[in-house]
>>> print(open('protein22.cif').read())   # mmCIF, C-alpha atoms
data_coords
loop_
_atom_site.group_PDB
_atom_site.id
_atom_site.type_symbol
_atom_site.label_atom_id
_atom_site.label_comp_id
_atom_site.auth_asym_id
_atom_site.auth_seq_id
_atom_site.Cartn_x
_atom_site.Cartn_y
_atom_site.Cartn_z
ATOM 1 C CA MET A 1 1.694 -26.694 -0.061
ATOM 2 C CA ARG A 2 0.487 -24.067 -2.479
ATOM 3 C CA SER A 3 -2.579 -23.200 -0.368
ATOM 4 C CA ILE A 4 -0.402 -22.713 2.737
ATOM 5 C CA GLY A 5 1.738 -20.151 0.886
ATOM 6 C CA LEU A 6 -1.355 -18.362 -0.397
ATOM 7 C CA ARG A 7 -2.963 -18.355 3.062
ATOM 8 C CA TYR A 8 0.256 -16.966 4.543
ATOM 9 C CA ARG A 9 0.447 -14.163 1.957
ATOM 10 C CA VAL A 10 -3.226 -13.274 2.421
ATOM 11 C CA GLY A 11 -2.751 -13.262 6.216
ATOM 12 C CA VAL A 12 0.231 -10.939 5.940
ATOM 13 C CA LEU A 13 -1.696 -8.609 3.612
ATOM 14 C CA VAL A 14 -4.685 -8.513 5.961
ATOM 15 C CA ALA A 15 -2.443 -7.710 8.936
ATOM 16 C CA ILE A 16 -0.612 -4.960 7.062
ATOM 17 C CA GLY A 17 -3.851 -3.600 5.624
ATOM 18 C CA ALA A 18 -5.432 -3.503 9.081
ATOM 19 C CA ALA A 19 -2.466 -1.548 10.370
ATOM 20 C CA ALA A 20 -2.738 0.860 7.447
ATOM 21 C CA CYS A 21 -6.463 1.277 8.005
ATOM 22 C CA GLY A 22 -6.556 2.145 11.629
ATOM 23 C CA SER A 23 -3.320 2.624 13.464
ATOM 24 C CA ALA A 24 -1.653 5.878 14.104
ATOM 25 C CA GLY A 25 2.086 5.982 13.721
ATOM 26 C CA SER A 26 4.133 7.060 16.658
ATOM 27 C CA ALA A 27 7.490 7.175 14.916
ATOM 28 C CA LEU A 28 9.527 10.326 15.276
ATOM 29 C CA LEU A 29 10.784 11.866 12.077
ATOM 30 C CA PRO A 30 14.532 11.284 11.697
ATOM 31 C CA ALA A 31 16.806 13.326 9.503
ATOM 32 C CA ALA A 32 15.452 12.784 6.008
ATOM 33 C CA SER A 33 17.522 9.837 4.841
ATOM 34 C CA ALA A 34 14.667 7.319 4.621
ATOM 35 C CA ILE A 35 10.891 7.366 4.825
ATOM 36 C CA PRO A 36 10.133 7.181 8.572
ATOM 37 C CA LEU A 37 8.710 4.002 10.077
ATOM 38 C CA GLY A 38 4.997 3.913 10.844
ATOM 39 C CA SER A 39 1.511 3.948 9.396
ATOM 40 C CA TRP A 40 0.595 6.682 6.943
ATOM 41 C CA GLY A 41 -2.868 7.479 5.610
ATOM 42 C CA GLY A 42 -4.785 9.679 3.228
ATOM 43 C CA ASP A 43 -7.673 9.718 0.776
ATOM 44 C CA SER A 44 -7.723 6.413 -1.118
ATOM 45 C CA ALA A 45 -4.305 5.474 0.261
ATOM 46 C CA GLY A 46 -2.530 3.753 3.114
ATOM 47 C CA LEU A 47 1.193 3.195 3.579
ATOM 48 C CA VAL A 48 2.971 1.034 6.146
ATOM 49 C CA VAL A 49 6.729 1.516 6.470
ATOM 50 C CA GLY A 50 8.655 -1.086 8.431
ATOM 51 C CA ASP A 51 12.292 -1.941 9.047
ATOM 52 C CA THR A 52 12.416 -4.380 6.140
ATOM 53 C CA ALA A 53 9.653 -3.342 3.728
ATOM 54 C CA MET A 54 7.147 -0.718 2.618
ATOM 55 C CA HIS A 55 3.538 -1.667 1.792
ATOM 56 C CA LEU A 56 1.206 0.671 -0.112
ATOM 57 C CA HIS A 57 -2.533 0.507 -0.790
ATOM 58 C CA ILE A 58 -4.065 2.805 -3.380
ATOM 59 C CA ALA A 59 -7.801 2.196 -3.424
ATOM 60 C CA CYS A 60 -8.113 -1.605 -3.578
ATOM 61 C CA THR A 61 -4.772 -2.269 -5.211
ATOM 62 C CA PHE A 62 -1.491 -2.734 -3.372
ATOM 63 C CA GLY A 63 2.239 -3.064 -3.709
ATOM 64 C CA ASP A 64 5.435 -3.704 -1.831
ATOM 65 C CA VAL A 65 9.028 -2.529 -1.756
ATOM 66 C CA SER A 66 11.743 -4.566 -0.021
ATOM 67 C CA GLY A 67 14.000 -2.781 2.440
ATOM 68 C CA ARG A 68 13.936 0.787 3.716
ATOM 69 C CA VAL A 69 13.173 3.460 1.118
ATOM 70 C CA ALA A 70 15.990 5.999 1.056
ATOM 71 C CA VAL A 71 15.311 9.616 0.121
ATOM 72 C CA ASP A 72 17.749 12.096 -1.393
ATOM 73 C CA PRO A 73 18.515 15.476 0.268
ATOM 74 C CA SER A 74 15.395 17.001 -1.342
ATOM 75 C CA GLY A 75 13.227 14.121 -0.050
ATOM 76 C CA ARG A 76 12.774 12.401 -3.413
ATOM 77 C CA PHE A 77 12.779 8.652 -3.991
ATOM 78 C CA ASP A 78 12.348 6.263 -6.926
ATOM 79 C CA VAL A 79 12.532 2.554 -6.134
ATOM 80 C CA ALA A 80 11.602 -0.774 -7.697
ATOM 81 C CA GLY A 81 8.941 -3.005 -6.182
ATOM 82 C CA THR A 82 5.954 -5.138 -7.065
ATOM 83 C CA TYR A 83 2.276 -4.294 -7.420
ATOM 84 C CA VAL A 84 -1.058 -6.111 -7.661
ATOM 85 C CA LEU A 85 -3.669 -4.339 -9.796
ATOM 86 C CA ARG A 86 -6.348 -7.020 -9.517
ATOM 87 C CA ALA A 87 -6.960 -7.250 -5.775
ATOM 88 C CA TYR A 88 -10.686 -6.441 -5.497
ATOM 89 C CA PRO A 89 -13.159 -7.984 -4.832
ATOM 90 C CA ILE A 90 -10.768 -10.935 -4.435
ATOM 91 C CA LEU A 91 -7.039 -11.202 -4.930
ATOM 92 C CA VAL A 92 -6.417 -12.662 -8.378
ATOM 93 C CA GLY A 93 -3.051 -11.066 -9.119
ATOM 94 C CA PRO A 94 -0.588 -11.470 -10.641
ATOM 95 C CA THR A 95 2.190 -9.566 -8.902
ATOM 96 C CA LEU A 96 3.714 -7.165 -11.431
ATOM 97 C CA PRO A 97 6.969 -5.163 -11.573
ATOM 98 C CA ALA A 98 6.545 -1.513 -10.559
ATOM 99 C CA ARG A 99 8.348 1.763 -9.755
ATOM 100 C CA PHE A 100 7.410 3.761 -6.661
ATOM 101 C CA ALA A 101 8.374 7.433 -6.987
ATOM 102 C CA GLY A 102 7.602 10.442 -4.880
ATOM 103 C CA ARG A 103 8.710 12.942 -2.298
ATOM 104 C CA LEU A 104 8.846 13.165 1.487
ATOM 105 C CA VAL A 105 8.273 16.636 2.957
ATOM 106 C CA GLY A 106 8.074 16.647 6.761
ATOM 107 C CA ASP A 107 5.420 14.109 7.736
ATOM 108 C CA VAL A 108 3.812 13.947 4.267
ATOM 109 C CA VAL A 109 4.663 11.640 1.372
ATOM 110 C CA THR A 110 3.271 12.191 -2.117
ATOM 111 C CA LEU A 111 3.855 9.257 -4.451
ATOM 112 C CA SER A 112 2.808 7.471 -7.609
ATOM 113 C CA VAL A 113 3.315 3.918 -8.767
ATOM 114 C CA THR A 114 4.015 3.016 -12.379
ATOM 115 C CA VAL A 115 3.112 -0.628 -12.959
ATOM 116 C CA ASP A 116 4.395 -2.685 -15.877
ATOM 117 C CA ASP A 117 1.171 -4.623 -16.536
ATOM 118 C CA THR A 118 2.683 -7.575 -18.359
ATOM 119 C CA THR A 119 -0.737 -9.275 -18.680
ATOM 120 C CA GLN A 120 -2.344 -6.345 -20.545
ATOM 121 C CA HIS A 121 0.953 -5.215 -22.184
ATOM 122 C CA LYS A 122 0.731 -1.623 -20.963
ATOM 123 C CA GLN A 123 1.883 0.687 -18.207
ATOM 124 C CA VAL A 124 -0.600 1.640 -15.504
ATOM 125 C CA VAL A 125 -0.083 4.598 -13.170
ATOM 126 C CA ARG A 126 -1.694 4.691 -9.722
ATOM 127 C CA GLY A 127 -1.623 8.048 -7.987
ATOM 128 C CA PRO A 128 -0.380 10.500 -7.177
ATOM 129 C CA VAL A 129 -1.628 10.046 -3.624
ATOM 130 C CA THR A 130 -0.685 11.934 -0.495
ATOM 131 C CA VAL A 131 -0.334 10.250 2.897
ATOM 132 C CA ARG A 132 0.515 11.716 6.308
ATOM 133 C CA LEU A 133 2.326 9.893 9.107
ATOM 134 C CA GLY A 134 -0.193 8.819 11.769
ATOM 135 C CA ASP A 135 -3.314 9.610 9.725
ATOM 136 C CA PRO A 136 -5.757 6.769 9.028
ATOM 137 C CA ALA A 137 -6.058 5.322 5.542
ATOM 138 C CA ARG A 138 -9.375 6.176 3.892
ATOM 139 C CA LEU A 139 -9.729 3.434 1.286
ATOM 140 C CA GLY A 140 -13.484 3.369 0.734
ATOM 141 C CA PRO A 141 -15.014 -0.013 -0.093
ATOM 142 C CA CYS A 142 -11.767 -1.988 0.037
ATOM 143 C CA PRO A 143 -12.546 -5.249 1.887
ATOM 144 C CA ILE A 144 -9.368 -5.070 3.956
ATOM 145 C CA CYS A 145 -10.480 -1.773 5.466
ATOM 146 C CA ARG A 146 -14.237 -2.222 5.526
ATOM 147 C CA ARG A 147 -15.781 -2.163 8.991
ATOM 148 C CA PRO A 148 -18.025 -5.179 9.616
ATOM 149 C CA ILE A 149 -21.753 -4.566 9.294
ATOM 150 C CA ILE A 150 -23.576 -5.725 12.395
ATOM 151 C CA THR A 151 -27.282 -6.424 12.121
ATOM 152 C CA LYS A 152 -29.680 -7.099 14.945
ATOM 153 C CA ARG A 153 -32.306 -9.809 14.767
ATOM 154 C CA ARG A 154 -35.753 -9.009 16.008
#
>>> encode(input="protein22.cif", output="C-alpha cells")
Amino acid sequence: MRSIGLRYRVGVLVAIGAAACGSAGSALLPAASAIPLGSWGGDSAGLVVGDTAMHLHIACTFGDVSGRVAVDPSGRFDVAGTYVLRAYPILVGPTLPARFAGRLVGDVVTLSVTVDDTTQHKQVVRGPVTVRLGDPARLGPCPICRRPIITKRR
C-alpha cells in the first residue's frame, strides 16, 4: 500500500512539473483577488496555479499550497503550505511546514518560501523568485524538467 501512495505522489509531481516546465498559460487575468490560474515560469522557478492548489518549484525543490491563493488589494499574499527541500537527485523528503509570501503585479508574481526545516532545526528561505504567467520554467538540471538526451548508435 505504501508504494502505491508514493507512486501516486511522484506521478502527480511529474505531471505538475511537466506542466510548469513547458506549458504556456492561457488564463486571463481577473481582478486581483487571487493568483490567476495557469502555468508561470522564470529563472530557476516554475509555478502552477489550479482551482484547488498551487505548486511551486524553485530549482530542484518544491512545495504546495492547498486552495486558491488570495491576494490583498495591493497584490500581496502570505499563506501556509508544505515544502520539500531534499528533492534532487531523488525525492527523499520529508515534507516540511512552510510560508509562501509575495506579490502579484499584473502577470508577474515575486515570491519567497520560508521553510521550517524540522530535520535540521533551522529556517530555510528559498527565493525570492519571479515568475510570469505563460512563460516557461527554466529550472536547469532538475530531473523533472530535463529534456531527454537522445544518442544515435553507429
>>> closest_atom_pairs(input="protein22.cif", of="segment 61-83 of chain A", to="segment 90-108 of chain A", cutoff="8 Å", atoms="all atoms listed in the file", output="JSON lines")
{"residue": "A:Val71", "atom": "CA", "partner": "A:Leu104", "partner_atom": "CA", "distance": 7.5}
{"residue": "A:Ser74", "atom": "CA", "partner": "A:Arg103", "partner_atom": "CA", "distance": 7.9}
{"residue": "A:Gly75", "atom": "CA", "partner": "A:Leu104", "partner_atom": "CA", "distance": 4.7}
{"residue": "A:Arg76", "atom": "CA", "partner": "A:Arg103", "partner_atom": "CA", "distance": 4.2}
{"residue": "A:Phe77", "atom": "CA", "partner": "A:Ala101", "partner_atom": "CA", "distance": 5.5}
{"residue": "A:Asp78", "atom": "CA", "partner": "A:Ala101", "partner_atom": "CA", "distance": 4.1}
{"residue": "A:Val79", "atom": "CA", "partner": "A:Phe100", "partner_atom": "CA", "distance": 5.3}
{"residue": "A:Ala80", "atom": "CA", "partner": "A:Arg99", "partner_atom": "CA", "distance": 4.6}
{"residue": "A:Gly81", "atom": "CA", "partner": "A:Ala98", "partner_atom": "CA", "distance": 5.2}
{"residue": "A:Thr82", "atom": "CA", "partner": "A:Pro97", "partner_atom": "CA", "distance": 4.6}
{"residue": "A:Tyr83", "atom": "CA", "partner": "A:Leu96", "partner_atom": "CA", "distance": 5.1}
>>> atom_distance(input="protein22.cif", atom1="atom CA of Arg138 of chain A", atom2="atom CA of Trp40 of chain A")
10.4 Å
>>> closest_residue(input="protein22.cif", among="A:Val125, A:Val48, A:Leu37, A:Thr61", to="Leu139 of chain A", atoms="all atoms listed in the file")
A:Thr61
>>> residues_around(input="protein22.cif", residues="Phe62 of chain A", least_positions_apart="4", cutoff="6 Å", atoms="only C-alpha atoms", output="MDAnalysis selection string")
chainID A and resid 56:57 83:84
>>> resolve_selection(input="protein22.cif", expression="the PyMOL selection byres ((chain A and resi 44) around 12)", output="ChimeraX atom specification")
/A:20-21,40-43,45-47,56-62,126-131,136-142,145
>>> closest_residue(input="protein22.cif", among="A:Ile35, A:Thr110, A:Tyr88, A:Val115", to="Gly63 of chain A", atoms="only C-alpha atoms")
A:Val115
